[in-house]
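Engineer: Input structure: my_file.cif, which contains mmCIF, C-alpha atoms.
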```cif
data_protein
#
loop_
_atom_site.label_atom_id
_atom_site.label_comp_id
_atom_site.auth_asym_id
_atom_site.auth_seq_id
_atom_site.Cartn_x
_atom_site.Cartn_y
_atom_site.Cartn_z
CA ARG A 241 21.15 2.14 17.40
CA TRP A 242 18.54 -0.49 16.66
CA TRP A 243 15.81 0.84 18.95
CA PRO A 244 13.89 4.14 19.06
CA VAL A 245 15.48 6.88 21.16
CA ALA A 246 13.24 9.53 22.71
CA GLY A 247 12.92 12.64 20.58
CA THR A 248 13.92 10.93 17.33
CA PRO A 249 11.75 10.29 14.24
CA ALA A 250 11.73 6.58 15.05
CA ALA A 251 10.38 7.22 18.54
CA GLU A 252 7.78 9.59 17.09
CA LEU A 253 6.64 6.93 14.62
CA ALA A 254 6.57 4.25 17.33
CA SER A 255 4.44 6.45 19.59
CA ALA A 256 2.04 7.24 16.75
CA ALA A 257 1.83 3.54 15.92
CA VAL A 258 0.67 2.74 19.46
CA LEU A 259 -2.25 5.13 19.00
CA GLY A 260 -2.74 3.71 15.53
CA ALA A 261 -3.21 0.21 16.91
CA PHE A 262 -6.12 1.44 19.02
CA GLY A 263 -7.44 3.23 15.94
CA VAL A 264 -7.38 0.00 13.94
CA ALA A 265 -9.34 -1.81 16.65
CA ALA A 266 -11.91 0.97 16.98
CA LEU A 267 -12.45 1.37 13.24
CA ALA A 268 -12.55 -2.36 12.55
CA TYR A 269 -15.18 -2.76 15.27
CA THR A 270 -17.51 -0.43 13.35
CA LEU A 271 -17.20 -2.32 10.06
CA PRO A 272 -19.93 -4.85 9.19
CA GLY A 273 -19.04 -8.48 9.77
CA ALA A 274 -15.90 -7.91 11.84
CA VAL A 275 -15.61 -10.13 14.92
CA PRO A 276 -13.15 -10.04 17.87
CA GLY A 277 -10.86 -12.65 16.33
CA THR A 278 -10.48 -10.89 12.99
CA ILE A 279 -10.14 -7.52 14.70
CA ALA A 280 -7.24 -8.91 16.74
CA ILE A 281 -5.58 -10.21 13.57
CA ALA A 282 -6.03 -6.81 11.90
CA VAL A 283 -4.38 -5.09 14.87
CA ALA A 284 -1.53 -7.63 14.85
CA ALA A 285 -0.97 -7.05 11.13
CA PHE A 286 -0.84 -3.31 11.72
CA VAL A 287 1.64 -3.68 14.59
CA LEU A 288 3.89 -5.85 12.44
CA ALA A 289 3.80 -3.41 9.52
CA ALA A 290 4.40 -0.44 11.84
CA ALA A 291 7.35 -2.22 13.45
CA VAL A 292 8.89 -2.74 10.01
CA ALA A 293 8.34 0.97 9.30
CA VAL A 294 10.05 1.97 12.57
CA TRP A 295 12.96 -0.27 11.64
CA GLY A 296 13.09 1.46 8.26
CA VAL A 297 13.35 4.86 9.95
CA LEU A 298 16.12 3.60 12.24
CA ARG A 299 17.96 2.11 9.30
CA ALA A 300 17.94 4.99 6.83
CA TYR A 301 15.91 8.12 7.48
CA PRO A 302 17.84 11.30 6.67
CA HIS A 303 15.77 13.95 8.46
CA ASP A 304 15.57 15.00 12.11
CA ARG A 305 11.77 15.02 12.20
CA LEU A 306 9.17 12.60 10.92
CA GLY A 307 6.82 15.18 9.47
CA LEU A 308 3.11 15.18 8.77
CA CYS A 309 3.74 13.34 5.51
CA ASN A 310 4.76 10.09 7.21
CA HIS A 311 1.97 10.46 9.78
CA ILE A 312 -0.50 10.58 6.88
CA THR A 313 0.98 7.38 5.47
CA LEU A 314 0.61 5.79 8.91
CA VAL A 315 -3.05 6.86 8.98
CA ARG A 316 -3.50 5.16 5.62
CA LEU A 317 -1.98 2.02 7.12
CA VAL A 318 -4.53 2.23 9.97
CA LEU A 319 -7.38 2.38 7.44
CA VAL A 320 -6.01 -0.49 5.36
CA SER A 321 -5.39 -2.67 8.42
CA ALA A 322 -8.94 -2.12 9.68
CA LEU A 323 -10.28 -3.42 6.35
CA MET A 324 -8.60 -6.76 7.04
CA ALA A 325 -11.13 -7.55 9.78
CA PRO A 326 -14.27 -7.75 7.59
CA LEU A 327 -12.22 -9.33 4.79
CA MET A 328 -11.12 -12.23 6.98
CA ALA A 329 -14.62 -12.54 8.43
CA GLY A 330 -15.98 -13.06 4.92
CA ALA A 331 -18.36 -10.12 5.25
CA PRO A 332 -20.44 -9.22 2.16
CA PRO A 333 -19.78 -5.96 0.30
CA SER A 334 -20.77 -2.91 2.33
CA TRP A 335 -20.77 0.86 1.96
CA ALA A 336 -18.70 1.15 5.13
CA PHE A 337 -15.91 -0.95 3.59
CA PHE A 338 -16.19 1.07 0.38
CA ALA A 339 -15.98 4.39 2.28
CA VAL A 340 -12.89 3.45 4.30
CA ALA A 341 -11.14 2.22 1.15
CA ALA A 342 -12.06 5.43 -0.67
CA VAL A 343 -10.60 7.58 2.11
CA ALA A 344 -7.40 5.50 2.06
CA LEU A 345 -7.08 6.12 -1.68
CA SER A 346 -7.95 9.82 -1.41
CA LEU A 347 -5.04 10.32 0.98
CA ASP A 348 -2.64 8.74 -1.49
CA GLY A 349 -0.54 11.53 -2.90
CA VAL A 350 -1.19 13.83 0.05
CA ASP A 351 1.79 12.37 1.91
CA GLY A 352 4.08 12.84 -1.09
CA TRP A 353 2.88 16.41 -1.61
CA LEU A 354 3.51 17.21 2.06
CA ALA A 355 6.96 15.63 1.93
CA ARG A 356 7.91 17.85 -0.99
CA ARG A 357 6.33 20.95 0.54
CA HIS A 358 8.09 20.47 3.90
CA GLN A 359 11.35 19.26 2.31
CA LEU A 360 11.11 15.84 3.95
CA VAL A 361 11.38 13.69 0.84
CA SER A 362 13.15 10.40 1.57
CA ALA A 363 13.59 6.91 0.17
CA PHE A 364 11.92 5.61 3.34
CA GLY A 365 8.83 7.78 2.82
CA ALA A 366 8.50 6.69 -0.80
CA ARG A 367 8.89 3.01 0.15
CA PHE A 368 6.43 3.37 3.05
CA ASP A 369 3.85 4.85 0.69
CA VAL A 370 4.35 2.15 -1.94
CA GLU A 371 4.04 -0.68 0.58
CA VAL A 372 0.82 0.75 2.02
CA ASP A 373 -0.55 1.00 -1.53
CA SER A 374 0.43 -2.63 -2.12
CA ILE A 375 -1.32 -3.82 1.05
CA LEU A 376 -4.43 -1.82 0.15
CA ALA A 377 -4.48 -3.33 -3.34
CA LEU A 378 -4.14 -6.85 -1.96
CA VAL A 379 -6.92 -6.40 0.61
CA LEU A 380 -9.27 -4.88 -1.97
CA ALA A 381 -8.43 -7.54 -4.55
CA LEU A 382 -9.13 -10.40 -2.16
CA ASN A 383 -12.36 -8.79 -0.98
CA ALA A 384 -13.48 -8.26 -4.58
CA ALA A 385 -12.59 -11.86 -5.41
CA LEU A 386 -14.85 -13.08 -2.60
CA GLY A 387 -17.72 -10.67 -3.22
CA THR A 388 -17.98 -10.19 -6.99
CA GLU A 389 -18.34 -12.19 -10.16
CA SER A 390 -14.75 -11.40 -11.14
CA GLY A 391 -13.42 -14.03 -8.71
CA LEU A 392 -9.80 -15.05 -9.18
CA ALA A 393 -9.23 -12.39 -11.84
CA ALA A 394 -9.83 -9.66 -9.23
CA ALA A 395 -7.52 -11.39 -6.75
CA LEU A 396 -4.72 -11.27 -9.31
CA LEU A 397 -4.92 -7.46 -9.40
CA GLY A 398 -3.44 -7.36 -5.91
CA LEU A 399 -0.54 -9.73 -6.52
CA PRO A 400 1.86 -8.15 -9.09
CA ARG A 401 3.80 -6.10 -6.52
CA TYR A 402 4.43 -9.18 -4.39
CA GLY A 403 5.27 -11.29 -7.42
CA PHE A 404 7.83 -8.67 -8.42
CA GLY A 405 9.31 -8.75 -4.91
CA LEU A 406 9.64 -12.53 -4.95
CA ALA A 407 11.29 -12.39 -8.37
CA ALA A 408 13.77 -9.81 -7.06
CA MET A 409 14.75 -12.25 -4.31
CA ALA A 410 15.67 -14.81 -6.97
CA PHE A 411 17.28 -12.45 -9.49
CA PRO A 412 19.72 -9.85 -8.08
CA TRP A 413 19.54 -7.72 -11.24
CA MET A 414 15.92 -6.89 -10.36
CA ARG A 415 16.94 -5.19 -7.10
CA ARG A 416 18.22 -2.01 -8.73
CA ALA A 417 16.28 1.13 -7.76
CA LEU A 418 13.76 2.00 -10.46
CA PRO A 419 13.51 5.54 -11.86
CA ASP A 420 10.44 7.57 -11.00
CA ARG A 421 7.87 7.10 -13.75
CA PHE A 422 4.55 8.96 -14.04
CA SER A 423 2.88 6.15 -15.95
CA ARG A 424 3.58 3.77 -13.04
CA LYS A 425 1.73 6.11 -10.69
CA VAL A 426 -1.18 6.41 -13.11
CA VAL A 427 -1.52 2.63 -13.36
CA CYS A 428 -1.34 2.30 -9.57
CA VAL A 429 -4.13 4.85 -9.08
CA LEU A 430 -6.19 3.16 -11.81
CA GLN A 431 -5.66 -0.21 -10.13
CA LEU A 432 -6.79 1.06 -6.73
CA ALA A 433 -9.70 3.06 -8.15
CA VAL A 434 -11.11 0.04 -9.95
CA LEU A 435 -10.56 -2.21 -6.95
CA ILE A 436 -12.44 0.27 -4.77
CA ALA A 437 -15.25 0.47 -7.33
CA LEU A 438 -15.55 -3.30 -7.07
CA GLN A 439 -16.38 -2.88 -3.37
CA ALA A 440 -19.60 -0.95 -4.09
CA PRO A 441 -22.61 -3.10 -3.14
CA ILE A 442 -24.65 -1.76 -6.09
CA LEU A 443 -22.04 -2.62 -8.74
CA PRO A 444 -23.69 -4.78 -11.45
CA PRO A 445 -21.99 -8.20 -11.69
CA PHE A 446 -21.23 -7.82 -15.39
CA LEU A 447 -19.42 -4.52 -14.75
CA ALA A 448 -16.90 -6.29 -12.50
CA LEU A 449 -16.08 -8.60 -15.38
CA VAL A 450 -15.67 -5.61 -17.71
CA LEU A 451 -13.43 -3.54 -15.42
CA VAL A 452 -10.88 -6.16 -14.39
CA PRO A 453 -9.27 -7.18 -17.76
CA PRO A 454 -8.09 -3.69 -18.89
CA VAL A 455 -6.63 -2.96 -15.46
CA ALA A 456 -4.86 -6.31 -15.46
CA ALA A 457 -3.44 -5.49 -18.91
CA ALA A 458 -2.24 -2.08 -17.68
CA LEU A 459 -0.52 -3.69 -14.69
CA ILE A 460 1.19 -6.28 -16.89
CA TRP A 461 2.39 -3.52 -19.22
CA SER A 462 3.70 -1.38 -16.34
CA PHE A 463 5.59 -4.20 -14.62
CA ALA A 464 6.90 -5.53 -17.94
CA LYS A 465 8.30 -2.08 -18.71
CA ASP A 466 10.14 -2.05 -15.37
CA VAL A 467 11.47 -5.58 -15.84
CA ILE A 468 12.75 -4.74 -19.32
CA TRP A 469 14.46 -1.61 -17.98
CA LEU A 470 16.14 -3.65 -15.24
CA TRP A 471 17.14 -6.43 -17.65
CA GLN A 472 18.83 -3.96 -19.98
CA ARG A 473 20.96 -2.72 -17.04
CA ARG A 474 21.62 -6.08 -15.41
CA ALA A 475 25.38 -5.88 -15.95
#
```
Kindly present the structure from the file in structure tokens form.
Structural biologist:
Amino acid sequence: RWWPVAGTPAAELASAAVLGAFGVAALAYTLPGAVPGTIAIAVAAFVLAAAVAVWGVLRAYPHDRLGLCNHITLVRLVLVSALMAPLMAGAPPSWAFFAVAAVALSLDGVDGWLARRHQLVSAFGARFDVEVDSILALVLALNAALGTESGLAAALLGLPRYGFGLAAMAFPWMRRALPDRFSRKVVCVLQLAVLIALQAPILPPFLALVLVPPVAAALIWSFAKDVIWLWQRRA
């Protein structure tokens, strides 16, 4: 089937996503600088991402229940989507934006821990988590680029995951599933932590310029390591 059936994980996720859309609107409304137009775009972005997630469950989810783990990831998507409203409105750095981003990062890892604890680990859950991380990184990077001295350099911190995806569309050998690697997770957390730090209104301008280069170097190293691994197994 290509549509959610009542009582299935896909239907559970779709129902939660409906509530999540209202959550995005309510949270975005409280963030400084957000206006009705950007709030609507944030909700639309959330609905699109949630629809893709529901499709992912329909396509290949091996368990008979969704589990708290995937609900936590959906909550993270709500938080990230709400941040799009002040970003697109061009709002200046604020503690509210910083706080929402910090909560979104603090929940990263909770979903994976719950999946393992409740024996609900799945390729879908891992992919869902990674994509939410990628969206969060992009939103934070763009906001930092607009609100700090780091400019374009900060924006680049949110692009590697999408650049990798585009490259995989051009080169089939890059589509192989990558092995789990602890260093990749460390670099991802470092990336998000620094991007969230850049959202703090009291951050000295020079510190933004100091923080970005080492994180960019770590990202380049991490992605280069994955590309080399894939290239060596291209046959």
Engineer: Quick check, in Å to one decimal: how far apart do CA of Pro249 (chain A) and CA of Arg299 (chain A) lie?
Structural biologist: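 Rounded to one decimal, the two atoms are 11.4 Å apart.
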Engineer: Could you please determine the separation between CA of Leu308 (chain A) and CA of Ala254 (chain A) in Å, to one decimal place?
Structural biologist: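 If I compute the distance from CA of Leu308 (chain A) to CA of Ala254 (chain A), I get 14.3 Å.
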Engineer: Give me the residues of region 300-348 of chain A that have any atom at most 12 Å from an atom of region 353-367 of chain A; for each, the nearest atom pair and the distance in Å, rounded to one decimal. Use only C-alpha atoms, sort by chain and number, and format it as a tab-separated table.
Structural biologist:
```
residue	atom	partner	partner_atom	distance
A:Ala300	CA	A:Phe364	CA	7.0
A:Tyr301	CA	A:Phe364	CA	6.3
A:Pro302	CA	A:Ser362	CA	7.0
A:His303	CA	A:Leu360	CA	6.8
A:Asp304	CA	A:Leu360	CA	9.3
A:Arg305	CA	A:Leu360	CA	8.3
A:Leu306	CA	A:Leu360	CA	7.9
A:Gly307	CA	A:Leu360	CA	7.0
A:Leu308	CA	A:Leu354	CA	7.0
A:Cys309	CA	A:Leu354	CA	5.2
A:Asn310	CA	A:Gly365	CA	6.4
A:His311	CA	A:Gly365	CA	10.1
A:Ile312	CA	A:Leu354	CA	9.1
A:Thr313	CA	A:Gly365	CA	8.3
A:Leu314	CA	A:Gly365	CA	10.4
A:Leu347	CA	A:Trp353	CA	10.3
A:Asp348	CA	A:Trp353	CA	9.5
```
Engineer: Report as JSON, numbers by chain all protein, DNA and RNA residues lying within 12 Å of Ala291 (chain A), evaluated on only C-alpha atoms, omitting residues in the same chain fewer than 2 positions from it.
Structural biologist: {"A": [242, 243, 244, 250, 251, 253, 254, 255, 256, 257, 258, 260, 261, 284, 285, 286, 287, 288, 289, 293, 294, 295, 296, 297, 298, 314, 368]}
Engineer: Give me the residues near Leu345 (chain A) as number ranges by chain, where near means some atom within 12 Å (using all atoms listed in the file) and where sequence neighbours in that chain fewer than 2 positions away do not count.
Structural biologist: A: 312-313, 315-317, 319-320, 338-343, 347-351, 369, 372-377, 380, 428-437
Engineer: Counting all atoms listed in the file, figure out which residue out of A:Ala322, A:Ala266, A:Ser423, A:Val455 gets nearest to Gly398 (chain A).
Structural biologist: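 Looking at the shortest contact to Gly398 (chain A), the residue is A:Val455.
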Engineer: Translate the PyMOL selection byres ((chain A and resi 469) around 12) into a concrete residue list for this structure, as a PyMOL selection string.
Structural biologist: chain A and resi 413-419+421+462-468+470-475
Engineer: Would you mind telling me which residue in A:Ala384, A:Ile279, A:Gly352, A:Phe262 lies nearest to Leu396 (chain A) when using all atoms listed in the file?
Structural biologist: A:Ala384
Engineer: Region 390-395 of chain A: which residues within 8 Å, counting only C-alpha atoms, same-chain residues fewer than 6 positions away excluded, as a ChimeraX atom specification?
Structural biologist: /A:378,381-384,435,445,448-449,452-453
Engineer: Next, dump the selected residues to file, keeping only C-alpha atoms, as a PDB file, keeping the file's coordinate frame.
Structural biologist:
```pdb
ATOM      1  CA  LEU A 378      -4.140  -6.850  -1.960  1.00  0.00           C
ATOM      2  CA  ALA A 381      -8.430  -7.540  -4.550  1.00  0.00           C
ATOM      3  CA  LEU A 382      -9.130 -10.400  -2.160  1.00  0.00           C
ATOM      4  CA  ASN A 383     -12.360  -8.790  -0.980  1.00  0.00           C
ATOM      5  CA  ALA A 384     -13.480  -8.260  -4.580  1.00  0.00           C
ATOM      6  CA  LEU A 435     -10.560  -2.210  -6.950  1.00  0.00           C
ATOM      7  CA  PRO A 445     -21.990  -8.200 -11.690  1.00  0.00           C
ATOM      8  CA  ALA A 448     -16.900  -6.290 -12.500  1.00  0.00           C
ATOM      9  CA  LEU A 449     -16.080  -8.600 -15.380  1.00  0.00           C
ATOM     10  CA  VAL A 452     -10.880  -6.160 -14.390  1.00  0.00           C
ATOM     11  CA  PRO A 453      -9.270  -7.180 -17.760  1.00  0.00           C
TER      12      PRO A 453
END
```
Engineer: Give me the residues near Ile281 (chain A) as a PDB file with C-alpha atoms, in the coordinates of the input, where near means some atom within 9 Å (using all atoms listed in the file) and where sequence neighbours in that chain fewer than 6 positions away do not count.
Structural biologist:
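Final output, part-v1.pdb:
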```pdb
ATOM      1  CA  MET A 324      -8.600  -6.760   7.040  1.00  0.00           C
ATOM      2  CA  ALA A 325     -11.130  -7.550   9.780  1.00  0.00           C
ATOM      3  CA  MET A 328     -11.120 -12.230   6.980  1.00  0.00           C
TER       4      MET A 328
END
```
Engineer: Restore all heavy atoms in region 307-318 of chain A and list the result as an mmCIF file, in the coordinates of the input.
Structural biologist:
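Here's the written file out.cif:
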```cif
data_model
loop_
_atom_site.group_PDB
_atom_site.id
_atom_site.type_symbol
_atom_site.label_atom_id
_atom_site.label_comp_id
_atom_site.auth_asym_id
_atom_site.auth_seq_id
_atom_site.Cartn_x
_atom_site.Cartn_y
_atom_site.Cartn_z
ATOM 1 N N GLY A 307 7.646 14.386 10.368
ATOM 2 C CA GLY A 307 6.820 15.180 9.470
ATOM 3 C C GLY A 307 5.403 14.646 9.323
ATOM 4 O O GLY A 307 5.131 13.461 9.506
ATOM 5 N N LEU A 308 4.510 15.547 8.976
ATOM 6 C CA LEU A 308 3.110 15.180 8.770
ATOM 7 C C LEU A 308 2.950 14.178 7.644
ATOM 8 O O LEU A 308 2.038 13.345 7.656
ATOM 9 C CB LEU A 308 2.288 16.443 8.486
ATOM 10 C CG LEU A 308 0.784 16.270 8.296
ATOM 11 C CD1 LEU A 308 0.144 15.646 9.531
ATOM 12 C CD2 LEU A 308 0.134 17.609 7.968
ATOM 13 N N CYS A 309 3.839 14.236 6.660
ATOM 14 C CA CYS A 309 3.740 13.340 5.510
ATOM 15 C C CYS A 309 3.744 11.873 5.925
ATOM 16 O O CYS A 309 2.888 11.080 5.493
ATOM 17 C CB CYS A 309 4.881 13.614 4.528
ATOM 18 S SG CYS A 309 6.531 13.633 5.267
ATOM 19 N N ASN A 310 4.684 11.490 6.784
ATOM 20 C CA ASN A 310 4.760 10.090 7.210
ATOM 21 C C ASN A 310 3.640 9.728 8.184
ATOM 22 O O ASN A 310 3.232 8.567 8.249
ATOM 23 C CB ASN A 310 6.134 9.816 7.832
ATOM 24 C CG ASN A 310 7.238 9.859 6.793
ATOM 25 O OD1 ASN A 310 7.190 9.157 5.790
ATOM 26 N ND2 ASN A 310 8.232 10.705 7.015
ATOM 27 N N HIS A 311 3.134 10.715 8.920
ATOM 28 C CA HIS A 311 1.970 10.460 9.780
ATOM 29 C C HIS A 311 0.742 10.154 8.914
ATOM 30 O O HIS A 311 -0.068 9.290 9.268
ATOM 31 C CB HIS A 311 1.702 11.666 10.678
ATOM 32 C CG HIS A 311 2.606 11.750 11.865
ATOM 33 N ND1 HIS A 311 2.453 10.938 12.976
ATOM 34 C CD2 HIS A 311 3.678 12.528 12.129
ATOM 35 C CE1 HIS A 311 3.377 11.227 13.870
ATOM 36 N NE2 HIS A 311 4.143 12.191 13.378
ATOM 37 N N ILE A 312 0.606 10.850 7.791
ATOM 38 C CA ILE A 312 -0.500 10.580 6.880
ATOM 39 C C ILE A 312 -0.406 9.165 6.326
ATOM 40 O O ILE A 312 -1.406 8.442 6.230
ATOM 41 C CB ILE A 312 -0.522 11.599 5.718
ATOM 42 C CG1 ILE A 312 -0.863 12.995 6.240
ATOM 43 C CG2 ILE A 312 -1.520 11.175 4.646
ATOM 44 C CD1 ILE A 312 -2.260 13.123 6.791
ATOM 45 N N THR A 313 0.801 8.743 5.958
ATOM 46 C CA THR A 313 0.980 7.380 5.470
ATOM 47 C C THR A 313 0.621 6.368 6.547
ATOM 48 O O THR A 313 0.018 5.326 6.266
ATOM 49 C CB THR A 313 2.432 7.155 5.004
ATOM 50 O OG1 THR A 313 2.826 8.192 4.115
ATOM 51 C CG2 THR A 313 2.567 5.812 4.279
ATOM 52 N N LEU A 314 0.970 6.674 7.802
ATOM 53 C CA LEU A 314 0.610 5.790 8.910
ATOM 54 C C LEU A 314 -0.912 5.726 9.077
ATOM 55 O O LEU A 314 -1.470 4.654 9.349
ATOM 56 C CB LEU A 314 1.264 6.254 10.198
ATOM 57 C CG LEU A 314 1.076 5.322 11.407
ATOM 58 C CD1 LEU A 314 1.817 4.012 11.187
ATOM 59 C CD2 LEU A 314 1.560 5.999 12.683
ATOM 60 N N VAL A 315 -1.587 6.851 8.912
ATOM 61 C CA VAL A 315 -3.050 6.860 8.980
ATOM 62 C C VAL A 315 -3.631 5.975 7.885
ATOM 63 O O VAL A 315 -4.591 5.221 8.111
ATOM 64 C CB VAL A 315 -3.594 8.301 8.842
ATOM 65 C CG1 VAL A 315 -5.111 8.293 8.635
ATOM 66 C CG2 VAL A 315 -3.258 9.114 10.081
ATOM 67 N N ARG A 316 -3.054 6.035 6.709
ATOM 68 C CA ARG A 316 -3.500 5.160 5.620
ATOM 69 C C ARG A 316 -3.305 3.694 5.988
ATOM 70 O O ARG A 316 -4.150 2.840 5.668
ATOM 71 C CB ARG A 316 -2.745 5.477 4.327
ATOM 72 C CG ARG A 316 -3.044 6.874 3.779
ATOM 73 C CD ARG A 316 -2.325 7.132 2.480
ATOM 74 N NE ARG A 316 -2.796 6.235 1.453
ATOM 75 C CZ ARG A 316 -2.023 5.481 0.691
ATOM 76 N NH1 ARG A 316 -0.704 5.502 0.830
ATOM 77 N NH2 ARG A 316 -2.545 4.705 -0.227
ATOM 78 N N LEU A 317 -2.212 3.387 6.675
ATOM 79 C CA LEU A 317 -1.980 2.020 7.120
ATOM 80 C C LEU A 317 -3.034 1.596 8.146
ATOM 81 O O LEU A 317 -3.470 0.440 8.152
ATOM 82 C CB LEU A 317 -0.571 1.890 7.718
ATOM 83 C CG LEU A 317 -0.175 0.498 8.215
ATOM 84 C CD1 LEU A 317 -0.227 -0.525 7.078
ATOM 85 C CD2 LEU A 317 1.219 0.529 8.838
ATOM 86 N N VAL A 318 -3.452 2.513 9.010
ATOM 87 C CA VAL A 318 -4.530 2.230 9.970
ATOM 88 C C VAL A 318 -5.801 1.842 9.217
ATOM 89 O O VAL A 318 -6.464 0.843 9.541
ATOM 90 C CB VAL A 318 -4.784 3.451 10.875
ATOM 91 C CG1 VAL A 318 -6.087 3.270 11.662
ATOM 92 C CG2 VAL A 318 -3.628 3.658 11.839
#
```
